Amino acid sequence: MLTLEHARLRRGTQVLIEDASVTLFRGEKVGIVGRNGCGKSSLLALVRGELGLDGGNYAAPPGLAIASVAQDLPDGDTPLRDYILAGDEELASLLERLAADDGADGERTAALHEHLAALGGYAAASRAAQLAAGLGFENADLERPVNAFSGGLRMRANLARALMRRSDLLLLDEPTNHLDLDALLWLERWLVDYRGTLLLVSHDREFLDRIVTRVLHLEQGRLASYSGNYSDFERQHAAAAERSAALIARQRREAAHIESFVARFRAQASKARQVQSRLKWLARLPELAQVHEAADFEWQFAAPARLSRPLLTLERAAAGYADRTVLGEVSLSLAPGDRLGVLGRNGAGKSTLMRLIAGELEPRAGERTPGDDLACGFFAQLELEQLDAGSSALEELTRRGGPAVARWTQQELRNHLGRFGFSGARVLEPTRHFSGGERSRLALAILVARRPNLLLLDEPTNHLDLAMRHSLLLALQDFEGAVVVVSHDRALLRGACDRFALVAQGRVAPFEGDLEDYAEWLSRSSETPPAASAAAGPSRREERRQAAEARARLAPLRGEQQALEARLEQLTRERSEIETRLSDPGTYAAADAAAQRGLSLRHGELVAEIERTEASWLRVSEALEAAAG
């Protein structure tokens with residue numbers, strides 16, 4: 001269906017794709033993966049006909065019907081239903097012809113109506129309403145103008161309009177970024193049933209696993225194809241990396257051997273022919289390119305300055321806006337080590353709950369009682385809009401990082417940003433030049449710098465690629481404070497949360513189930529939170545309880561291990577300094593014999609203390625391993 005032959009694609013001076021050859025077949029569902037900025041969106045633009053190749057060939061069948069999501073927000077007063085219906089261009093054209101038909105030619109009018117029936121035109125309005133409902137719109141929204149919705153909902157309207165179109169090929173670029181979990185689950189089912197060819201760019205591994213049957217991986221200009229879903233790709237890619245590393249190691253050994261021979265005998269006339277032969281052999285060695293793994297971001301949340309217990313308590317609290325109460329009777333307690341995932345349908349009040357916890361909304365009833373040392377870090381869905389487009393990363397970190405950060409030196413600021421992937425001149429560029437992923441990283445870097453003990457994360461993974469999402473998950477698992485997460489990223493919810501709360505019908509209640517139970521609940525019409533089954537429920541609760549207890553056990557051991565490692569580093573550094581001085585003849589040329597004896601004695605003390613500290617480190621490491629097991 002689609003063919004690339006030795007394709008080359010550039011963006012400015014950067015080569016995005018080099019010598020790529022791949023054929024995609026009708027009906028395939030293909031995931032396109034790779035780091036942010038590697039060229040995934042440019043590849044989709046090529047398929048849409050918006051970009052041309054700089055070399056090679058691209059071929060597609062004539063008359064191919066392509067559907068994709070518009071990136072510009074709709075800004076007219078067209079009702080939502082009509083805006084979605086217009087996505088079916090063939091139907092829209094037919095309806096215009098019918099509207100202009102005066103009925104004078106009965107055969108022509110009958111043919112138009114027959115064509116309308118063949119296109120399913122009489123059910124089109126119902127289909128548009130189903131798409132809108134699946135993506136989180138209410139029935140009353142169908143008559144509202146599209147420019148009355150928020151930016152996120154207008155992007156959903158664009159998605160619904162694209163799904164409405166009859167297509168042979170559907171192109172989706174990060175379609176889940178503006179979706180809640182319920183809308184994501186609906187879209188997942190819709191795409192599984194889609195009968196055309198799908199090209200999907202996504203950083204959601206579970207979403208990819210459930211939909212795609214093939215993966216195209218873009219890395220350093222190379223486009224490689226892998227059969228299977230994303231998990232299959234990860235296994236195949238890891239195996240390729242191992243094989244590539246082994247081949248490169250062998251080639252380097254061979255090259256080193258030849259270079260050694262040439263260096264030894266280059267000057268000997270009797271060996272000239274052999275030297276030339278080996279040089280030619282060396283030149284013919286294939287140039288192997290190792291499967292490159294870009295350095296992952298190793299995020300780490302600094303230990304909170306203080307941890308009160310509990311950090312925050314809500315007692316029968318209510319919250320809302322203007323004359324509307326969204327949530328009532330909310331009772332919740334958060335302590336260090338808690339990991340809470342917030343579930344609920346679109347519009348149920350999840351963000352309202354987060355704002356109530358954060359203190360951005362005063363309770364209309366009941367009480368919100370913060371702990372004495374509460375330091376709340378809130379990453380909201382609109383956090384990226386708070387960045388000043390004209391300011392640099394350094395300026396934004398200084399301005400919004402809090403009083404402690406304002407006292408940091410330039411080097412400390414740069415070191416902190418470097419841990420989030422910003423280095424060199426990049427920290428001085430205006431944030432308007434940053435991608436969505438870079439703005440998300442910067443916002444998280446600012447949040448981390450404040451050293452919160454309660455993290456509130458409302459859709460934190462939007463715009464983050466798979467490697468960054470994994471790094472964020474690992475950082476959350478090691479965080480000593482409490483975490484509350486609203487996310488459509490199921491991998492993040494599974495890995496970071498021990499328990500769930502369900503927001504439904506204006507109430508917040510514990511959800512006694514897992515994400516599969518939640519998906520099943522969403523598929524039913526009842527709003528009553530499901531009770532976990534006798535077989536599955538207790539074991540799931542027990543697993544989450546054990547995970548929380550394990551984290552509580554591991555936290556002090558990890559702290560002790562880190563302290564011992566720091567002490568070992570200090571002792572080893574001092575021992576090395578003394579050994580350097582003891583090996584310097586100038587030390588013994590000095591007349592101060594007492595100082596020499598003092599150095600020797602201190603060296604002996606350090607050796608003994610290092611042995612004791614290493615023994616303690618081994619003991620703690622074994623205890624940590626046993627506790628983790």
# chains A, B, ... in the order shown; residues from 1 in each chain; ligands from 1
>>> residues_around(residues="Gly337 in chain A", least_positions_apart="5", cutoff="6 Å", atoms="only C-alpha atoms", output="PyMOL selection string")
chain A and resi 480-482
>>> write_last_selection(atoms="all heavy atoms", output="tab-separated table (two decimals), in the first residue's frame")
chain	number	residue	atom	x	y	z
A	480	GLU	N	10.09	9.64	48.71
A	480	GLU	CA	9.76	9.35	50.11
A	480	GLU	C	8.44	9.95	50.55
A	480	GLU	O	7.88	9.53	51.57
A	480	GLU	CB	10.89	9.86	51.01
A	480	GLU	CG	12.21	9.15	50.81
A	480	GLU	CD	13.30	9.70	51.71
A	480	GLU	OE1	12.95	10.40	52.70
A	480	GLU	OE2	14.48	9.46	51.44
A	481	GLY	N	7.94	10.95	49.82
A	481	GLY	CA	6.69	11.58	50.21
A	481	GLY	C	5.49	10.83	49.66
A	481	GLY	O	5.57	9.65	49.30
A	482	ALA	N	4.35	11.52	49.57
A	482	ALA	CA	3.12	10.94	49.05
A	482	ALA	C	2.91	11.40	47.62
A	482	ALA	O	3.34	12.48	47.22
A	482	ALA	CB	1.93	11.34	49.93
>>> residues_around(residues="Leu159 in chain A", least_positions_apart="3", cutoff="8 Å", atoms="only C-alpha atoms", output="MDAnalysis selection string")
chainID A and resid 69:70 155:156 162:163 175
>>> select_by_dssp(residues="range 186-250 of chain A", states="strand (DSSP E)", output="PyMOL selection string")
chain A and resi 197-201+214-219+222-227
>>> write_last_selection(atoms="C-alpha atoms", output="PDB file, in the first residue's frame")
ATOM      1  CA  THR A 197      -4.548   0.878   7.524  1.00  0.00           C
ATOM      2  CA  LEU A 198      -3.370   2.718  10.627  1.00  0.00           C
ATOM      3  CA  LEU A 199      -0.167   4.669  11.254  1.00  0.00           C
ATOM      4  CA  LEU A 200      -0.017   5.546  14.939  1.00  0.00           C
ATOM      5  CA  VAL A 201       2.561   7.687  16.722  1.00  0.00           C
ATOM      6  CA  ARG A 214       3.979  -3.903  13.510  1.00  0.00           C
ATOM      7  CA  VAL A 215       6.414  -1.258  14.756  1.00  0.00           C
ATOM      8  CA  LEU A 216       8.565   1.199  12.808  1.00  0.00           C
ATOM      9  CA  HIS A 217      11.431   2.479  14.935  1.00  0.00           C
ATOM     10  CA  LEU A 218      13.179   5.747  14.102  1.00  0.00           C
ATOM     11  CA  GLU A 219      16.625   6.188  15.624  1.00  0.00           C
ATOM     12  CA  ARG A 222      17.533   4.864  10.584  1.00  0.00           C
ATOM     13  CA  LEU A 223      14.058   3.427  10.053  1.00  0.00           C
ATOM     14  CA  ALA A 224      13.739  -0.223  11.108  1.00  0.00           C
ATOM     15  CA  SER A 225      10.692  -2.482  10.946  1.00  0.00           C
ATOM     16  CA  TYR A 226       9.725  -5.022  13.619  1.00  0.00           C
ATOM     17  CA  SER A 227       6.835  -7.474  13.582  1.00  0.00           C
TER      18      SER A 227
END
>>> closest_residue(among="A:Met1, A:Ala404, A:Ala20, A:Val146", to="Ala59 in chain A", atoms="only C-alpha atoms")
A:Met1
>>> residues_around(residues="range 80-94 of chain A", least_positions_apart="6", cutoff="9 Å", atoms="only C-alpha atoms", output="PyMOL selection string")
chain A and resi 67+74+112+115-116+119-121+124-125+127-129+131-132+141-146+157-166
>>> residues_around(residues="Ala467 in chain A", least_positions_apart="2", cutoff="9 Å", atoms="only C-alpha atoms", output="ChimeraX atom specification")
/A:35,203,296-297,464-465,469-472
>>> closest_residue(among="A:Gly63, A:Gly341, A:Gly37, A:Gly228", to="Leu502 in chain A", atoms="only C-alpha atoms")
A:Gly341
>>> select_by_dssp(residues="range 30-166 of chain A", states="alpha helix (DSSP H)", output="number ranges by chain")
A: 40-48, 80-85, 89-100, 106-118, 124-134, 151-164
>>> closest_residue(among="A:Arg355, A:Arg345, A:Arg97, A:Arg490", to="Gly134 in chain A", atoms="only C-alpha atoms")
A:Arg345
>>> closest_residue(among="A:Ser41, A:Thr213, A:Ser576, A:Gln71", to="Leu24 in chain A", atoms="only C-alpha atoms")
A:Thr213
>>> atom_distance(atom1="CA of Ala496 in chain A", atom2="CA of Ile446 in chain A")
20.7 Å
